[in-house]
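First up is the structure itself, then whatever we jot down about it.
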Amino acid sequence: MTTLQYLGISVRFIIVLCSAQHSEQPETRQVKGIVGTFFYFPERVLTSGNLLYGDLGNIAQVYPGKQSNTNLEKRFKNRLHWNNVTGVFTLSDLQIDDSGVYTVENGDAEEKMRHTFQLTVYYVLSKPQVTVHDNISCSVVCSVENGREVTLSWYKGGEILNQTSSPDHITLSIPLKLDEQNRDSYRCEAANPVSKETAVVPHSCIERDPSKVKDGDERTRGSLIIAVICVLVASGLVGLAIYLKRRNGHSHAEPAEQASTMRDFETLISGGQTRDFLQTTLHRWTGDFNRDPKDMQA
C-alpha cells in the first residue's frame, strides 16, 4: 500500500470520526413559558438523572429508589419539582429571568442521554389603548406596554397598514389618520409569541364617519319634512273647517264678527304650538340646538 493510499484512508477516518462526534451533540429545542405559570420539561427521568441550568450547572438530582433533591439552587427553591410517577421535572411560578438553557440528563439507560431546551419566558400582553387626538379628522394613536418580542400593528380589515417593535423597554405607539369611510374596519393589535390583544377605534370617531352620518341625516331630514307637511295640512284643514262652519252659521253676522273669525283662523295657522314646532324643526336642520325656539318669536 502506497503512502498516498494511507493518506486517503486517514482522511476518510477523520471525516467519519468528526461526523460521529457532531451527531452526538444534543439538539437544542426552543420552548416557551408564560410568567406566573408552570413549565413541564418534556423528557422523563425515572430512576436517575439531573437537571442543569446554564452556567449554574446541576440544579436538581434524581437518585435510584425514586429519591430526588430539587433544592440545590436557592433561586429555584420550592419552585422546582420532580414527579416520581411520571419522571418529569416541573418549574412553577415562572419569572422572566428563568429564561435560559436547561439540560435534562437521563441515566436510566446504560448510556447517559442529554436533552437540551432553550426556555424563553414571556409576559401576557395587556390590551392596547387607542386615544383620539383629533375627532374631526379622526387622528388616533395606539399604544401598549412593551416587552419581549412585542409587535404593535394597525390593520384595516385583513390588511396591515403599519407595524412597530423595539428591543428597548419603552411604550410602543403608532399614530394613524383614518380614512373618511368605514372607520369601524380599523383595529390595533399587540402580539408576542404567547398572547395577542386587540383594540378598536373609539365611537367618537366612528360616529363622525361621513358615510354613516350622511345616511342618518338624510333619514332624519326626510322624516322631519314629512312631519312638517302633515302638520301644515292638518292645521289648514282644521282651520278651514272652523272658518266655513262659522261663516255658514253666521251668514248675517256683523263685519266685526267676520273679521274676528278670520283673525282666529290666522292665529291657528301662524301662532301657538304650530309655530313653535316649525321653529324647532328649523333649528334642528341648521344644527342650532343651543337656542330655545321661543327666543325666535321676537
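Letters for chains follow the order of the C-alpha cells (A, B, ...), residue numbers begin at 1 for each chain, and ligand numbers begin at 1 in the order shown.
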What are the DSSP strand (DSSP E) residues of segment 27-172 of chain A, as a PyMOL selection string?
-> chain A and resi 28-34+39-44+49-53+57-63+67-69+80-82+88-91+100-106+113-122+129-134+139-144+151-156+159-164+172
Spatial neighbours of segment 82-94 of chain A, 10 Å, only C-alpha atoms, chain gap at least 4 places, as a PyMOL selection string = chain A and resi 33-51+60-62+65-70+76-78+98-99+104+121-123
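Atom to atom, atom CA of Ile225 of chain A and atom CA of Gln181 of chain A stand 27.5 Å apart.
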